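S.K.: Once you've had a glance at the structure underneath, I'll fire off some questions.
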Amino acid sequence: MELATEESKKDLKSIIEALIFASEKPLSIDRIKEILDDADRKEIIHSISLLREEYSDGRGFYLAEVAEGYQFRTRPRYAQYLQKLYKIKSPKFSQPALETLAIIAYRQPLTRAEIEELRGVDAGGVIKNLLDKKLIKIVGKKDVPGRPMIYGTTREFLEAFGLNDLKSLPTLKDLAELGERKEPAQAELAFEVSEKTE
Amino acid sequence: MTYSVKLQSFEGPLDLLLHLIKKNEIDIYDIPIADITKQYLDYIEIMKTLNLDVAGEFLLMAATLLHIKSRMLLPVSEEPEQEEEDPRADLVKQLLEYQSIKEAAFSLDKREILDRDVFVRKAFPEEAEAEELQQGIDLEGVTLFELIEAFKKVIAELPEEAVHEVIGERLSIGDKISVILESLEREDNISFYNLLKGGRSRPEVIVTFLAILELIKLKMIKINQTVACGPIWVYKAVRSDEENTILPSPLAGEGQGEGQHGIGD
């Protein structure tokens with residue numbers, strides 16, 4: 001595809017917009033490139049950044065970068081209405097679920113026994129629940145007697161928590177500093193900023 | 001003393017200890033073990049009086065604390081070259097790790113979570129779930145765990161056998177399969193609970209349960225649960241006129257087929 005003219009550049013942007021709109025899962029640049037045959041990677045990235053700018057304000061949704069792809073997501077401030085639309089009653093993760101996910105996200109891959117040692121309580125039920133929700137998966141078996149299963153987080157985990165990849169998790173050290181300040185408002189602000197930089 | 005609030009909210013012994021450390025504004029690297037152990041045991045006592053289940057983990061930690069306390073009382077080694085490890089070191093390490101996990105969990109919860117804070121275009125959740133269930137054996141909304149739950153319930157309700165008759169009852173899954181299918185000839189559907197309840201003894205209930213699983217595997221019956229946590233219904237998967245031609249009959253008498261697992265000898 002020749003995309004030399006301004007006209008076709010505008011086209012490219014609209015095509016990408018259509019692809020992301022119609023895709024149920026975050027759409028990666030690689031996939032977009034594959035669909036658009038020869039489109040230049042740089043052009044695609046440029047078009048996406050233009051789109052992200054366009055959707056950054058004045059709309060009910062924005063273009064999020066998540067799980068190494070792009071996806072339209074509704075704005076958090078309209079959550080209550082969407083919860084009604086989807087009839088979501090208890091959208092919160094339980095404390096055990098969050099702690100177990102945190103352990104697996106930061107320490108993966110690890111066994112159930114290792115998770116239980118860190119939390120100090122049984123984790124069987126929580127692990128099953130997280131497996132059912134596809135937030136974690138069995139990534140193999142540990143090479144120790146009994147060959148216990150080891151767990152890791154999934155792509156769905158990245159999608160659920162709006163992370164681009166595991167590297168975009170805040171480091172435990174940063175978190176400790178954040179915890180000392182004990183100001184949730186600050187934490188939120190920090191995420192807002194990191195989301196807008198790009 | 002004001003212990004009343006937040007008792008249930010402790011995720012585990014480490015959580016409780018962290019709470020005590022914060023409440024008393026203690027330096028985590030220099031925990032006054034005797035004092036903390038006492039407070040910890042007080043909490044456990046209260047949990048017991050409130051009839052809260054004190055999980056084994058809480059008791060294990062109590063034992064660990066007492067053990068550390070006793071080690072602290074031992075005189076320090078007289079040879080200064082020999083480095084004595086602080087008996088609290090392991091516990092402190094565990095607490096610090098747990099603290100960082102709590103912070104990480106907190107920060108995860110603060111994120112814009114899908115299906116809570118942000119939403120994407122998709123089929124409605126109900127439909128999405130229905131699709132998932134299409135894969136594999138057709139259990140129509142009933143998970144194996146729910147089946148086992150129901151099974152456990154019946155087993156728990158069985159009366160204690162006061163008299164023990166020693167008559168070797170030969171129960172085979174094959175026989176039970178015919179009984180279930182015969183019942184399904186008479187009625188369109190039977191509740192899973194009643195099917196199992198029909199069993200007079202533990203082995204019989206077990207055989208019935210295995211027979212149901214076998215029939216599901218053979219795709220001869222289907223089970224269905226219309227309401228979450230509601231009754232589970234068992235009904236025929238194949239109409240009686242098609243049955244004989246399509247499926248090999250597993251109901252053949254003694255000594256045949258894989259449905260023959262003798263129990264009760």
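Ordering of the structure tokens sets the chain letters (A, B, ...); residue numbers start at 1 within each chain; ligands are numbered from 1 in the order shown.
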Pull out every residue of chain A sitting within 7 Å of chain B, counting only C-alpha atoms, and send them as a PyMOL selection string.

M.R.: chain A and resi 24+72-76+79+83+86+91+96+98-99+102-103+118-121+160-162+172+175-176+179+188

S.K.: Could you tell me, as a list in words, which residues of range 57-160 of chain A DSSP assigns to strand (DSSP E or B) when given the backbone?

M.R.: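 For range 57-160 of chain A, the strand (DSSP E or B) set is Phe61, Tyr62, Leu63, Ala64, Glu65, Val66, Gly69, Tyr70, Gln71, Phe72, Arg73, Thr74, Leu110, Thr111, Ile136, Lys137, Ile138, Val139, Gly140, Lys141, Met149, Ile150, Tyr151, Gly152 and Thr153 of chain A.
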
S.K.: Would you compute the distance between CA of Lys128 in chain A and CA of Lys197 in chain B? Give it in Å to one decimal.

M.R.: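 Going from CA of Lys128 in chain A over to CA of Lys197 in chain B, I get 29.1 Å.
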
S.K.: Quick check for you: according to DSSP on this backbone, which residues of range 52-110 of chain B are classed as alpha helix (DSSP H)? Reply as a VMD selection string.

M.R.: chain B and resid 56 to 73 89 to 109

S.K.: How far is it from CA of Trp233 in chain B to CA of Lys133 in chain A, in Å with one decimal?

M.R.: 25.9 Å

S.K.: Could you name the residues that touch Leu91 in chain B at 9 Å or less, counting only C-alpha atoms, but leaving out those on the same chain fewer than 5 positions away, as a list in words?

M.R.: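 Close residues of Leu91 in chain B: Thr64, Leu65 and Leu96 of chain B.
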
S.K.: Could those residues be written to a file, using C-alpha atoms, as an mmCIF file, in the first residue's frame?

M.R.:
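As written to disk, part_11.cif reads:
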data_model
loop_
_atom_site.group_PDB
_atom_site.id
_atom_site.type_symbol
_atom_site.label_atom_id
_atom_site.label_comp_id
_atom_site.auth_asym_id
_atom_site.auth_seq_id
_atom_site.Cartn_x
_atom_site.Cartn_y
_atom_site.Cartn_z
ATOM 1 C CA THR B 64 5.826 -19.578 66.337
ATOM 2 C CA LEU B 65 5.534 -16.457 68.486
ATOM 3 C CA LEU B 96 8.163 -7.146 55.489
#

S.K.: Restricting the calculation to only C-alpha atoms: of B:Val227, B:Ile28, B:Ala150, B:Met47, which residue gets closest to Lys93 in chain B?

M.R.: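 So, comparing all the options, the nearest one is B:Ile28.
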
S.K.: How close does each residue of range 61-172 of chain A get to range 44-53 of chain A, giving the shortest atom pair and distance in Å to one decimal for every residue with an atom at most 12 Å away, counting only C-alpha atoms, sorted by chain and residue number, as CSV?

M.R.:
residue,atom,partner,partner_atom,distance
A:Phe61,CA,A:Arg52,CA,10.6
A:Tyr62,CA,A:Arg52,CA,7.1
A:Leu63,CA,A:Arg52,CA,5.3
A:Ala64,CA,A:Arg52,CA,7.7
A:Glu65,CA,A:Arg52,CA,9.2
A:Gly69,CA,A:Ile48,CA,10.7
A:Tyr70,CA,A:Ile48,CA,8.6
A:Gln71,CA,A:Arg52,CA,10.2
A:Phe72,CA,A:Arg52,CA,9.6
A:Arg73,CA,A:Arg52,CA,11.5
